[in-house]
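For reference, the structure discussed in these notes is given below.
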Amino acid sequence: MSAYQRQDFVTASRIFIPLAERGNASAQTYLGFLFETGRGVPQNYTEAAMWYRRAAEQGDSRAQYSLGLLYDRGQGVPRDIVEASKWLNLSTAASPPRVRESRARIRDAVTTKMTRGQIAQARLRALEWAPSRER
């Protein structure tokens, strides 16, 4: 973590990779960010989405938020507004109070692009979702 805070992203990526591979959700989220932004590793949205998904499935709200944005933009994953909304709903519900309002605004902005049926489908997916631990 100190390498990341020092913005030594090459070293940070070397530290995060083995942790992420062992299922550490926080390391997976940080690694997703590094791949999304191309810091310390080559930029790769597909790789970013994979790491975000692994962390998001474990309930990491930052990863859920980032994965939702990738689905909204179609970066690293096929563009899917319903899946974007699902992850943004989950992220907003699980986020700490200091970021909840800003995440809700983004979620609501995505919702304005959706039909009522899509909104209902996204809410149902979010309600049916349950976190899972990697083994």
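Here's how to read the names in the structure tokens: chain A, B, ... by the order shown, residue numbers from 1 in each chain, ligand numbers from 1 in the order shown.
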Q) Can you tell me, as a list in words, what residues are no more than 10 Å from Ala48 in chain A when counting only C-alpha atoms, ignoring any on the same chain fewer than 5 positions away? A) Gln28, Thr29, Tyr30, Leu31, Gly32, Phe33, Leu34, Phe35, Glu36, Thr37, Gly38, Gln43, Arg53, Ala63, Ser66, Leu67, Leu70, Gln75, Gly76 and Val77 of chain A
Q: Could you tell me, as JSON, numbers by chain, which residues of range 22-76 of chain A DSSP assigns to helix (DSSP H, G or I) when given the backbone?
A: {"A": [25, 26, 27, 28, 29, 30, 31, 32, 33, 34, 35, 36, 37, 45, 46, 47, 48, 49, 50, 51, 52, 53, 54, 55, 56, 57, 61, 62, 63, 64, 65, 66, 67, 68, 69, 70, 71, 72, 73]}
Q: Please measure the separation of CA of Gln121 in chain A and CA of Gly68 in chain A, giving the value in Å to one decimal.
A: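 Atom-to-atom, CA of Gln121 in chain A and CA of Gly68 in chain A are spaced 14.9 Å apart.
Among the candidates A:Ala12, A:Ala25, A:Ala126, A:Met114, the residue lying nearest to Ala94 in chain A is A:Ala126 (atoms considered: only C-alpha atoms).
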Q) Counting only C-alpha atoms, what is within 7 Å of Lys86 in chain A, bar same-chain residues fewer than 5 positions away, as a PyMOL selection string? A) chain A and resi 122-123+125-126
Output for the residues just chosen: C-alpha atoms as a PDB file, in the first residue's frame:
```
ATOM      1  CA  ALA A 122     -31.527  -3.695 -12.908  1.00  0.00           C
ATOM      2  CA  ARG A 123     -33.212  -3.397  -9.511  1.00  0.00           C
ATOM      3  CA  ARG A 125     -30.659  -8.114 -10.480  1.00  0.00           C
ATOM      4  CA  ALA A 126     -29.358  -6.027  -7.570  1.00  0.00           C
TER       5      ALA A 126
END
```
Q: Rounded to one decimal place, report the CA of Ser61 in chain A-CA of Ala104 in chain A distance in Å.
A: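 Computing the Euclidean distance for CA of Ser61 in chain A and CA of Ala104 in chain A yields 12.5 Å.
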(Q) as a list of chain:residue names, please: the residues near Phe9 in chain A (cut-off 6 Å, only C-alpha atoms, same-chain neighbours under 4 positions excluded). (A)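 These residues fall inside the cut-off: A:Tyr4, A:Ser13, A:Arg39, A:Gly40.
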Q | Å distance separating CA of Pro18 in chain A from CA of Tyr71 in chain A, one decimal place | A | 26.1 Å
